[in-house]
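Structure file final-v1.tsv (TSV, C-alpha atoms and all ligand atoms) follows.
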```tsv
chain	number	residue	atom	x	y	z
A	132	MET	CA	-16.59	-1.62	13.80
A	133	ASN	CA	-16.79	-4.72	11.63
A	134	ILE	CA	-14.55	-4.08	8.63
A	135	LEU	CA	-14.22	-5.93	5.35
A	136	VAL	CA	-10.56	-5.87	4.32
A	137	THR	CA	-10.08	-6.90	0.70
A	138	GLY	CA	-6.51	-7.94	-0.08
A	139	GLY	CA	-6.01	-8.42	3.65
A	140	ALA	CA	-3.49	-11.25	3.20
A	141	GLY	CA	-1.24	-8.88	1.24
A	142	TYR	CA	1.53	-6.63	2.46
A	143	ILE	CA	-0.30	-3.46	3.51
A	144	GLY	CA	-3.65	-5.19	4.14
A	145	SER	CA	-2.16	-7.64	6.66
A	146	HIS	CA	-0.53	-4.85	8.68
A	147	THR	CA	-3.76	-2.86	8.59
A	148	ALA	CA	-5.71	-5.92	9.75
A	149	VAL	CA	-3.36	-6.10	12.75
A	150	ALA	CA	-3.85	-2.39	13.47
A	151	LEU	CA	-7.64	-2.76	13.20
A	152	LEU	CA	-7.70	-5.76	15.56
A	153	ASP	CA	-5.36	-4.00	17.99
A	154	ALA	CA	-7.75	-1.03	17.97
A	155	GLY	CA	-10.65	-3.32	18.94
A	156	HIS	CA	-12.35	-3.71	15.54
A	157	SER	CA	-13.44	-6.99	13.92
A	158	VAL	CA	-11.97	-8.00	10.59
A	159	VAL	CA	-13.24	-10.08	7.67
A	160	ILE	CA	-10.56	-10.67	5.03
A	161	MET	CA	-11.35	-11.39	1.40
A	162	ASP	CA	-8.28	-12.30	-0.64
A	163	ASN	CA	-7.83	-14.59	-3.65
A	164	LEU	CA	-4.18	-15.21	-2.67
A	165	SER	CA	-3.00	-14.20	-6.16
A	166	ASN	CA	-0.08	-12.38	-4.51
A	167	SER	CA	-0.07	-13.71	-0.96
A	168	LYS	CA	-0.25	-16.82	1.20
A	169	ALA	CA	-3.00	-18.13	3.49
A	170	GLU	CA	-0.49	-18.47	6.36
A	171	VAL	CA	-0.45	-14.67	6.61
A	172	VAL	CA	-3.96	-14.84	8.07
A	173	ALA	CA	-2.75	-17.25	10.76
A	174	ASN	CA	0.15	-14.90	11.48
A	175	ILE	CA	-2.24	-11.94	11.88
A	176	GLU	CA	-4.15	-14.02	14.44
A	177	GLU	CA	-0.94	-14.99	16.21
A	178	ILE	CA	0.25	-11.38	16.50
A	179	THR	CA	-3.07	-10.07	17.81
A	180	SER	CA	-4.40	-13.16	19.65
A	181	LYS	CA	-7.68	-12.42	17.89
A	182	GLN	CA	-9.67	-14.29	15.27
A	183	VAL	CA	-10.19	-13.22	11.70
A	184	VAL	CA	-12.88	-14.44	9.29
A	185	PHE	CA	-11.15	-15.33	6.03
A	186	TYR	CA	-12.63	-15.83	2.56
A	187	GLU	CA	-10.35	-17.06	-0.18
A	188	ALA	CA	-12.38	-15.26	-2.82
A	189	ASP	CA	-12.11	-12.90	-5.75
A	190	ALA	CA	-13.14	-9.27	-5.24
A	191	ALA	CA	-13.64	-8.93	-8.99
A	192	ASP	CA	-16.24	-11.73	-9.05
A	193	PRO	CA	-19.83	-10.53	-8.52
A	194	VAL	CA	-21.08	-13.77	-6.91
A	195	SER	CA	-18.19	-14.02	-4.44
A	196	VAL	CA	-18.46	-10.38	-3.39
A	197	GLU	CA	-22.19	-10.54	-2.78
A	198	ARG	CA	-21.82	-13.78	-0.82
A	199	VAL	CA	-19.52	-12.01	1.63
A	200	PHE	CA	-21.79	-8.96	1.99
A	201	LYS	CA	-24.80	-11.24	2.58
A	202	ALA	CA	-23.03	-13.17	5.31
A	203	HIS	CA	-21.93	-10.15	7.42
A	204	LYS	CA	-23.08	-6.74	8.55
A	205	PHE	CA	-20.16	-4.42	7.77
A	206	ASP	CA	-19.56	-0.92	9.08
A	207	GLY	CA	-16.93	-0.22	6.46
A	208	VAL	CA	-14.73	-1.57	3.68
A	209	ILE	CA	-11.02	-1.06	3.16
A	210	HIS	CA	-10.19	-1.99	-0.40
A	211	PHE	CA	-6.57	-3.11	-0.86
A	212	ALA	CA	-7.14	-5.94	-3.33
A	213	GLY	CA	-5.55	-5.26	-6.68
A	214	TYR	CA	-2.56	-5.82	-8.88
A	215	LYS	CA	0.27	-3.37	-8.32
A	216	ALA	CA	3.28	-4.06	-10.57
A	217	VAL	CA	3.78	-1.05	-12.83
A	218	GLY	CA	5.85	-2.89	-15.46
A	219	GLU	CA	3.45	-5.84	-15.63
A	220	SER	CA	0.53	-3.42	-16.06
A	221	VAL	CA	2.12	-2.17	-19.29
A	222	GLU	CA	2.34	-5.76	-20.56
A	223	LYS	CA	-1.11	-6.87	-19.36
A	224	PRO	CA	-3.30	-3.78	-19.33
A	225	LEU	CA	-6.59	-5.67	-19.53
A	226	ASP	CA	-5.78	-7.79	-16.48
A	227	TYR	CA	-5.01	-4.62	-14.52
A	228	TYR	CA	-8.02	-2.60	-15.66
A	229	TYR	CA	-10.33	-5.57	-15.06
A	230	ASN	CA	-9.05	-6.59	-11.64
A	231	ASN	CA	-8.50	-3.16	-10.13
A	232	ILE	CA	-11.56	-1.39	-11.51
A	233	VAL	CA	-14.18	-4.15	-11.50
A	234	SER	CA	-13.36	-4.93	-7.85
A	235	THR	CA	-13.84	-1.26	-6.91
A	236	MET	CA	-17.18	-1.14	-8.74
A	237	LEU	CA	-18.49	-4.38	-7.24
A	238	LEU	CA	-17.56	-3.34	-3.71
A	239	GLY	CA	-19.19	0.06	-4.26
A	240	LYS	CA	-22.36	-1.57	-5.59
A	241	ASN	CA	-22.60	-3.96	-2.65
A	242	CYS	CA	-21.93	-1.19	-0.15
A	243	LEU	CA	-24.93	0.71	-1.52
A	244	LYS	CA	-27.10	-2.41	-1.64
A	245	TYR	CA	-26.26	-3.54	1.90
A	246	GLY	CA	-26.14	-0.10	3.54
A	247	VAL	CA	-22.38	0.08	4.17
A	248	ASN	CA	-21.41	3.75	4.13
A	249	LYS	CA	-17.69	3.85	4.85
A	250	PHE	CA	-15.23	3.08	2.08
A	251	VAL	CA	-11.45	3.49	2.32
A	252	PHE	CA	-9.50	3.07	-0.90
A	253	SER	CA	-5.81	2.27	-1.46
A	254	SER	CA	-4.71	4.87	-3.93
A	255	SER	CA	-1.18	5.87	-4.78
A	256	ALA	CA	1.08	8.88	-5.15
A	257	THR	CA	1.41	7.75	-8.75
A	258	VAL	CA	-1.85	9.65	-9.52
A	259	TYR	CA	0.09	12.93	-9.13
A	260	GLY	CA	2.03	12.13	-12.32
A	261	ASP	CA	4.86	14.60	-12.87
A	262	ASN	CA	3.64	17.38	-10.55
A	263	ASP	CA	6.27	19.33	-8.58
A	264	VAL	CA	7.15	18.21	-5.04
A	265	PRO	CA	5.95	18.35	-2.35
A	266	LEU	CA	2.76	16.77	-3.63
A	267	ASP	CA	-0.45	17.98	-2.03
A	268	GLU	CA	-4.01	16.77	-2.23
A	269	ASP	CA	-5.38	19.93	-3.88
A	270	MET	CA	-3.17	19.59	-6.95
A	271	GLU	CA	-4.70	18.88	-10.31
A	272	LEU	CA	-3.72	15.25	-11.01
A	273	GLY	CA	-0.90	14.75	-13.47
A	274	LYS	CA	-0.82	12.38	-16.41
A	275	THR	CA	-0.33	8.80	-15.23
A	276	THR	CA	2.34	6.98	-17.20
A	277	ASN	CA	1.08	3.38	-17.01
A	278	PRO	CA	-2.13	1.33	-16.76
A	279	TYR	CA	-1.59	0.63	-13.05
A	280	GLY	CA	-1.59	4.36	-12.25
A	281	GLU	CA	-4.61	4.81	-14.50
A	282	THR	CA	-6.57	2.15	-12.55
A	283	LYS	CA	-5.98	4.17	-9.38
A	284	ALA	CA	-7.02	7.47	-10.99
A	285	ILE	CA	-10.15	5.86	-12.49
A	286	SER	CA	-11.10	4.15	-9.21
A	287	GLU	CA	-10.76	7.51	-7.44
A	288	ARG	CA	-13.11	9.10	-9.97
A	289	ILE	CA	-15.65	6.26	-9.72
A	290	LEU	CA	-15.78	6.49	-5.92
A	291	THR	CA	-16.05	10.28	-6.08
A	292	ASP	CA	-19.05	9.99	-8.41
A	293	VAL	CA	-20.67	7.38	-6.16
A	294	ALA	CA	-20.30	9.70	-3.18
A	295	LYS	CA	-21.80	12.60	-5.18
A	296	ALA	CA	-24.83	10.51	-6.06
A	297	ASN	CA	-25.27	9.07	-2.54
A	298	PRO	CA	-25.07	11.75	0.14
A	299	ASN	CA	-24.55	9.27	3.00
A	300	PHE	CA	-21.59	7.57	1.35
A	301	ALA	CA	-18.23	8.39	2.95
A	302	VAL	CA	-15.06	7.79	0.96
A	303	SER	CA	-11.46	8.15	1.97
A	304	LEU	CA	-8.94	8.08	-0.88
A	305	LEU	CA	-5.55	7.35	0.65
A	306	ARG	CA	-2.57	8.13	-1.55
A	307	TYR	CA	0.31	6.02	-0.32
A	308	PHE	CA	3.90	7.03	-0.88
A	309	ASN	CA	6.52	4.26	-0.50
A	310	PRO	CA	5.56	1.72	2.16
A	311	VAL	CA	8.48	-0.28	3.57
A	312	GLY	CA	9.39	-2.26	6.68
A	313	ALA	CA	7.41	-4.89	8.53
A	314	HIS	CA	5.61	-5.63	11.76
A	315	PRO	CA	8.24	-5.71	14.56
A	316	SER	CA	7.30	-9.34	15.34
A	317	GLY	CA	8.80	-10.34	11.97
A	318	LEU	CA	5.72	-12.52	11.37
A	319	ILE	CA	4.32	-10.43	8.52
A	320	GLY	CA	6.09	-8.22	5.98
A	321	GLU	CA	6.68	-7.71	2.29
A	322	ASP	CA	7.33	-11.01	0.54
A	323	PRO	CA	7.33	-10.34	-3.21
A	324	LYS	CA	7.26	-13.15	-5.75
A	325	GLY	CA	10.31	-13.23	-8.05
A	326	ILE	CA	12.76	-10.36	-8.29
A	327	PRO	CA	11.48	-7.42	-6.23
A	328	ASN	CA	10.36	-4.25	-8.02
A	329	ASN	CA	10.87	-2.15	-4.92
A	330	LEU	CA	14.15	-0.98	-3.47
A	331	LEU	CA	14.08	-2.17	0.13
A	332	PRO	CA	12.98	-5.78	-0.59
A	333	TYR	CA	15.79	-5.83	-3.18
A	334	ILE	CA	18.27	-4.62	-0.56
A	335	THR	CA	17.14	-7.23	2.00
A	336	GLN	CA	17.51	-9.99	-0.60
A	337	VAL	CA	21.03	-8.80	-1.41
A	338	ALA	CA	21.79	-8.73	2.32
A	339	LYS	CA	20.60	-12.31	2.57
A	340	GLY	CA	22.59	-13.42	-0.45
A	341	THR	CA	19.53	-14.35	-2.54
A	342	LEU	CA	20.52	-11.62	-5.00
A	343	LYS	CA	24.14	-10.76	-5.76
A	344	GLN	CA	24.14	-7.02	-5.94
A	345	LEU	CA	21.79	-4.07	-6.08
A	346	LYS	CA	21.26	-2.07	-9.26
A	347	VAL	CA	20.90	1.68	-8.66
A	348	PHE	CA	18.95	3.10	-11.58
A	349	GLY	CA	20.59	6.43	-12.39
A	350	ASP	CA	22.87	8.78	-10.46
A	351	ASP	CA	22.35	11.80	-12.68
A	352	TYR	CA	18.99	13.04	-11.42
A	353	ASP	CA	18.59	16.57	-10.18
A	354	THR	CA	18.81	15.52	-6.51
A	355	ALA	CA	21.47	16.06	-3.83
A	356	ASP	CA	23.43	12.86	-4.63
A	357	GLY	CA	21.98	12.25	-8.12
A	358	THR	CA	19.91	9.18	-7.16
A	359	GLY	CA	16.11	9.04	-7.01
A	360	VAL	CA	14.39	10.43	-3.93
A	361	ARG	CA	11.27	8.82	-2.43
A	362	ASP	CA	9.10	9.28	0.62
A	363	TYR	CA	9.46	5.99	2.50
A	364	ILE	CA	6.86	5.29	5.17
A	365	HIS	CA	6.88	2.46	7.70
A	366	VAL	CA	4.05	0.07	6.89
A	367	MET	CA	2.80	0.16	10.50
A	368	ASP	CA	2.49	3.96	10.30
A	369	LEU	CA	0.61	3.49	7.05
A	370	ALA	CA	-1.65	0.88	8.68
A	371	GLU	CA	-2.42	3.25	11.55
A	372	GLY	CA	-3.25	5.94	9.00
A	373	HIS	CA	-6.16	3.74	7.87
A	374	ILE	CA	-7.54	3.54	11.40
A	375	ALA	CA	-7.40	7.35	11.67
A	376	ALA	CA	-9.08	7.69	8.25
A	377	LEU	CA	-11.90	5.35	9.35
A	378	ASP	CA	-12.33	7.07	12.70
A	379	TYR	CA	-12.70	10.51	11.15
A	380	LEU	CA	-14.66	9.47	8.08
A	381	THR	CA	-17.76	11.54	7.34
A	382	ALA	CA	-20.02	11.64	4.28
A	383	GLY	CA	-18.38	12.90	1.11
A	384	VAL	CA	-14.92	12.37	-0.36
A	385	HIS	CA	-11.74	12.95	1.62
A	386	ILE	CA	-8.29	12.64	0.11
A	387	TYR	CA	-5.12	12.19	2.15
A	388	ASN	CA	-1.47	11.65	1.44
A	389	LEU	CA	0.04	8.98	3.65
A	390	GLY	CA	3.77	9.60	3.72
A	391	THR	CA	6.33	11.11	6.06
A	392	GLY	CA	6.92	14.30	4.07
A	393	ARG	CA	10.64	13.51	3.95
A	394	GLY	CA	12.54	12.48	0.85
A	395	THR	CA	15.30	9.86	1.06
A	396	SER	CA	17.65	9.04	-1.81
A	397	VAL	CA	18.59	5.52	-2.89
A	398	LEU	CA	22.12	5.97	-1.54
A	399	GLU	CA	20.79	7.28	1.78
A	400	LEU	CA	18.52	4.24	2.13
A	401	ILE	CA	21.43	1.88	1.41
A	402	GLN	CA	23.54	3.70	3.99
A	403	ALA	CA	20.75	3.59	6.60
A	404	PHE	CA	20.38	-0.17	6.02
A	405	GLU	CA	24.14	-0.77	6.29
A	406	GLU	CA	24.45	1.24	9.50
A	407	ALA	CA	21.37	-0.17	11.24
A	408	ASN	CA	22.06	-3.80	10.36
A	409	GLN	CA	25.87	-3.80	10.04
A	410	ILE	CA	25.73	-5.44	6.61
A	411	LYS	CA	27.45	-4.15	3.47
A	412	ILE	CA	25.23	-3.88	0.39
A	413	PRO	CA	27.20	-4.20	-2.85
A	414	TYR	CA	25.68	-2.08	-5.60
A	415	GLU	CA	26.36	-0.84	-9.10
A	416	ILE	CA	25.07	2.30	-10.78
A	417	VAL	CA	23.24	1.57	-14.03
A	418	GLY	CA	21.15	3.70	-16.40
A	419	ARG	CA	17.86	5.31	-15.46
A	420	ARG	CA	14.75	3.11	-15.48
A	421	PRO	CA	12.06	4.31	-17.88
A	422	GLY	CA	9.16	5.99	-16.12
A	423	ASP	CA	11.07	6.87	-12.93
A	424	VAL	CA	10.92	10.48	-11.73
A	425	ALA	CA	13.71	12.27	-9.84
A	426	ALA	CA	11.89	12.94	-6.57
A	427	THR	CA	8.51	12.36	-4.95
A	428	TYR	CA	7.53	13.23	-1.43
A	429	ALA	CA	4.32	14.22	0.24
A	430	ASP	CA	2.93	17.31	1.80
A	431	VAL	CA	1.52	15.63	4.91
A	432	THR	CA	-0.08	18.61	6.61
A	433	LYS	CA	-3.67	17.69	5.69
A	434	ALA	CA	-3.59	14.24	7.32
A	435	LYS	CA	-2.03	15.75	10.44
A	436	ARG	CA	-4.59	18.57	10.59
A	437	GLU	CA	-7.74	16.57	9.82
A	438	LEU	CA	-6.92	13.04	11.00
A	439	ASP	CA	-4.52	13.88	13.81
A	440	TRP	CA	-2.23	11.29	12.26
A	441	GLU	CA	1.43	11.45	11.34
A	442	ALA	CA	4.15	8.90	10.75
A	443	LYS	CA	6.11	8.14	13.93
A	444	ARG	CA	8.72	5.60	12.83
A	445	ASP	CA	12.01	6.66	11.26
A	446	LEU	CA	14.31	5.25	8.59
A	447	HIS	CA	16.19	3.22	11.19
A	448	ASP	CA	12.96	1.44	12.23
A	449	MET	CA	12.05	0.80	8.59
A	450	VAL	CA	15.35	-0.86	7.60
A	451	LYS	CA	15.66	-2.79	10.89
A	452	ASP	CA	12.14	-4.23	10.69
A	453	ALA	CA	12.48	-5.05	6.98
A	454	TRP	CA	15.65	-7.03	7.68
A	455	HIS	CA	14.18	-8.76	10.74
A	456	PHE	CA	11.29	-9.99	8.57
A	457	GLU	CA	13.54	-11.10	5.69
A	458	LYS	CA	15.76	-13.13	8.05
A	459	ARG	CA	12.74	-14.94	9.50
A	460	LEU	CA	11.43	-15.84	6.04
A	461	GLY	CA	14.02	-18.57	5.88
A	462	LYS	CA	14.25	-18.95	2.10
A	501	LIG	N1	3.04	-1.40	-1.94
A	501	LIG	C1	3.07	-0.20	-2.52
A	501	LIG	O1	4.14	0.35	-2.77
A	501	LIG	C2	1.78	0.53	-2.84
A	501	LIG	C3	1.84	1.90	-3.12
A	501	LIG	C4	0.66	2.57	-3.43
A	501	LIG	C5	-0.55	1.87	-3.48
A	501	LIG	N2	-0.57	0.53	-3.21
A	501	LIG	C6	-1.85	-0.18	-3.29
A	501	LIG	O2	-2.14	-0.74	-2.04
A	501	LIG	C7	-2.86	-1.96	-2.20
A	501	LIG	C8	-2.14	-3.06	-1.43
A	501	LIG	O3	-0.81	-3.15	-1.90
A	501	LIG	P1	0.21	-4.22	-1.32
A	501	LIG	O4	1.56	-3.64	-1.47
A	501	LIG	O5	-0.24	-4.69	0.00
A	501	LIG	O6	0.05	-5.36	-2.41
A	501	LIG	P2	-0.08	-6.95	-2.24
A	501	LIG	O7	0.01	-7.54	-3.60
A	501	LIG	O8	0.86	-7.43	-1.20
A	501	LIG	O9	-1.56	-7.08	-1.67
A	501	LIG	C9	-2.69	-7.09	-2.50
A	501	LIG	C10	-3.51	-8.30	-2.09
A	501	LIG	O10	-4.70	-8.33	-2.89
A	501	LIG	C11	-4.92	-9.67	-3.32
A	501	LIG	N3	-5.72	-9.57	-4.55
A	501	LIG	C12	-5.37	-9.08	-5.76
A	501	LIG	N4	-6.43	-9.12	-6.59
A	501	LIG	C13	-7.46	-9.63	-5.87
A	501	LIG	C14	-8.83	-9.91	-6.17
A	501	LIG	N5	-9.34	-9.68	-7.37
A	501	LIG	N6	-9.60	-10.43	-5.20
A	501	LIG	C15	-9.11	-10.68	-3.95
A	501	LIG	N7	-7.84	-10.44	-3.62
A	501	LIG	C16	-7.03	-9.91	-4.58
A	501	LIG	C17	-3.56	-10.29	-3.49
A	501	LIG	O11	-3.59	-11.69	-3.35
A	501	LIG	C18	-2.79	-9.63	-2.33
A	501	LIG	O12	-2.89	-10.41	-1.15
A	501	LIG	C19	-2.93	-2.22	-3.70
A	501	LIG	O13	-4.18	-1.77	-4.17
A	501	LIG	C20	-1.81	-1.36	-4.24
A	501	LIG	O14	-2.06	-0.96	-5.57
A	501	LIG	C21	0.57	-0.14	-2.88
```
Would you mind writing the file's structure down as structure tokens?
Amino acid sequence: MNILVTGGAGYIGSHTAVALLDAGHSVVIMDNLSNSKAEVVANIEEITSKQVVFYEADAADPVSVERVFKAHKFDGVIHFAGYKAVGESVEKPLDYYYNNIVSTMLLGKNCLKYGVNKFVFSSSATVYGDNDVPLDEDMELGKTTNPYGETKAISERILTDVAKANPNFAVSLLRYFNPVGAHPSGLIGEDPKGIPNNLLPYITQVAKGTLKQLKVFGDDYDTADGTGVRDYIHVMDLAEGHIAALDYLTAGVHIYNLGTGRGTSVLELIQAFEEANQIKIPYEIVGRRPGDVAATYADVTKAKRELDWEAKRDLHDMVKDAWHFEKRLGK
């Protein structure tokens, strides 16, 4: 298949581009590099020894999107492009609503116009709001607590309505849990700008000495050790989940959790990192961070049953590969 990957220079998009190329598909990347670097595209090509067509272009700009659809015959679109920082979305709601929703609408419109029937969307576990764990796809969605989460919930609804109105349209809404780690080559990985919002990039920067010590937000949650519990999934497992979603995609809307189904606490992740990489991570416990919930993890039975996909890599692989990538970054 020839697949348009929006946001393909970003963290999850780049790993998925590698998985697509490895599986024998062709890839066209459209990314405006607002949160990534052009060299990532070269690194994707180096890893796979295959060529990628790259457009430095904005998926929320009608002219740019149509130009790409006119120039290629696509079999499907995987839409990663978007802003993703929860805190920033509270400060700049319009930027988030505009970028994340307009891009979804424009891609949908062009898919219909140019006869592209497969659409895979990067959604998030955040759409479950404060539902009880484990989170499963049949749950009524909870109240999202920030504009970022709302852009995901709205995009899901838009794509669902498009599929209702167009019986040939096939949509996969993939709700990611907490992607971490990197490609084992160390050539691509998560390279956030500024101070990382996510735990593992923070840990790797402390390990490297870029940051002094880790802040653990709260140790009084109702969890085994009191710290927050999340469902961490290796980014290569997540990438492979997209290939399975594309392979099994039929008309209509299909929703899948992509996680491991296992919850890991902050302290467990620190310990796994220290043991795997033989590096001590200094940390201090501070107050809870507003908006954080005690525990999220996925019910992953639907993806296993319908897509024949499940995460294969464990915590050890995640923390090893994350550190391997960070060391190679050379900052
Ligand atoms: N990383 C996570 O924890 C996580 C969890 C759940 C969902 N998601 C979603 O998955 C997708 C990918 O996330 P990521 O972690 O790889 O983020 P990322 O920021 O690394 O990648 C997103 C990419 O999209 C590009 N981009 C943003 N707006 C664009 C636009 N208008 N036109 C073209 N390119 C644009 C950025 O330059 C970047 O390369 C996002 O939609 C995100 O909301 C991520």
(message) Using all atoms listed in the file, which residues have at least one atom no more than 7 Å from ligand LIG 501 (chain A)? Output them as a PyMOL selection string.
(response) chain A and resi 137-144+161-167+188-191+211-215+230+234+253-256+306-310+321
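In terms of minimum interatomic distance to Asp350 (chain A), A:Ala425 ranks closest within A:Leu377, A:Ala425, A:Val384, A:Ala284, counting all atoms listed in the file.
All protein, DNA and RNA residues at most 10 Å from (4.8, -5.6, 4.0) are A:Gly141, A:Tyr142, A:Ile143, A:Gly144, A:Ser145, A:His146, A:Pro310, A:Val311, A:Gly312, A:Ala313, A:His314, A:Ile319, A:Gly320, A:Glu321, A:Asp322, A:Pro323, A:Pro332, A:His365, A:Val366, A:Met367, A:Ala453, A:Phe456, using all atoms listed in the file.
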With C-alpha atoms kept, could you save the residues just selected as a PDB file, in the coordinates of the input?
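Saved to selection-v5.pdb:
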```pdb
ATOM      1  CA  GLY A 141      -1.240  -8.880   1.240  1.00  0.00           C
ATOM      2  CA  TYR A 142       1.530  -6.630   2.460  1.00  0.00           C
ATOM      3  CA  ILE A 143      -0.300  -3.460   3.510  1.00  0.00           C
ATOM      4  CA  GLY A 144      -3.650  -5.190   4.140  1.00  0.00           C
ATOM      5  CA  SER A 145      -2.160  -7.640   6.660  1.00  0.00           C
ATOM      6  CA  HIS A 146      -0.530  -4.850   8.680  1.00  0.00           C
ATOM      7  CA  PRO A 310       5.560   1.720   2.160  1.00  0.00           C
ATOM      8  CA  VAL A 311       8.480  -0.280   3.570  1.00  0.00           C
ATOM      9  CA  GLY A 312       9.390  -2.260   6.680  1.00  0.00           C
ATOM     10  CA  ALA A 313       7.410  -4.890   8.530  1.00  0.00           C
ATOM     11  CA  HIS A 314       5.610  -5.630  11.760  1.00  0.00           C
ATOM     12  CA  ILE A 319       4.320 -10.430   8.520  1.00  0.00           C
ATOM     13  CA  GLY A 320       6.090  -8.220   5.980  1.00  0.00           C
ATOM     14  CA  GLU A 321       6.680  -7.710   2.290  1.00  0.00           C
ATOM     15  CA  ASP A 322       7.330 -11.010   0.540  1.00  0.00           C
ATOM     16  CA  PRO A 323       7.330 -10.340  -3.210  1.00  0.00           C
ATOM     17  CA  PRO A 332      12.980  -5.780  -0.590  1.00  0.00           C
ATOM     18  CA  HIS A 365       6.880   2.460   7.700  1.00  0.00           C
ATOM     19  CA  VAL A 366       4.050   0.070   6.890  1.00  0.00           C
ATOM     20  CA  MET A 367       2.800   0.160  10.500  1.00  0.00           C
ATOM     21  CA  ALA A 453      12.480  -5.050   6.980  1.00  0.00           C
ATOM     22  CA  PHE A 456      11.290  -9.990   8.570  1.00  0.00           C
TER      23      PHE A 456
END
```
(request) With a distance cut-off of 9 Å and only C-alpha atoms, select the neighbouring residues of Lys201 (chain A), excluding the residue or stretch itself and same-chain residues fewer than 4 positions from it, and output the selection as JSON, numbers by chain. (result) {"A": [196, 197, 245]}
(message) My list of candidates is A:Asn277, A:Ser303, A:Asn262, A:Thr335. Which is closest to Tyr228 (chain A) when distances are computed with all atoms listed in the file?
(response)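 Closest to Tyr228 (chain A), using all atoms listed in the file: A:Asn277.
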(message) Give me the residues near Ser396 (chain A) as a list of chain:residue names, where near means some atom within 6 Å (using all atoms listed in the file) and where sequence neighbours in that chain fewer than 3 positions away do not count.
(response)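 Here the answer would be A:Thr358, A:Gly359, A:Val360, A:Glu399.
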(message) Under the rule that only C-alpha atoms are counted, which of A:Tyr428, A:Phe200, A:Tyr333, A:Tyr259 is the nearest residue to Leu345 (chain A)?
(response) A:Tyr333
(request) Find the residue from A:Leu225, A:Leu380, A:Ile412, A:Leu237 that sits nearest to Phe300 (chain A); use all atoms listed in the file when measuring. (result)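 Residue with the minimum atom-to-atom distance to Phe300 (chain A): A:Leu380.
Taking CA of Lys411 (chain A) as the reference point, CA of Leu318 (chain A) is found at 24.6 Å.
Interatomic distance, CA of Glu441 (chain A) against CA of Asp368 (chain A): 7.6 Å.
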(message) Applying 10 Å and all atoms listed in the file, which residues near Gln336 (chain A) remain after dropping the ones on its own chain fewer than 2 positions away? List them as number ranges by chain.
(response) A: 326-327, 331-334, 338-345, 412, 454, 457-458, 462
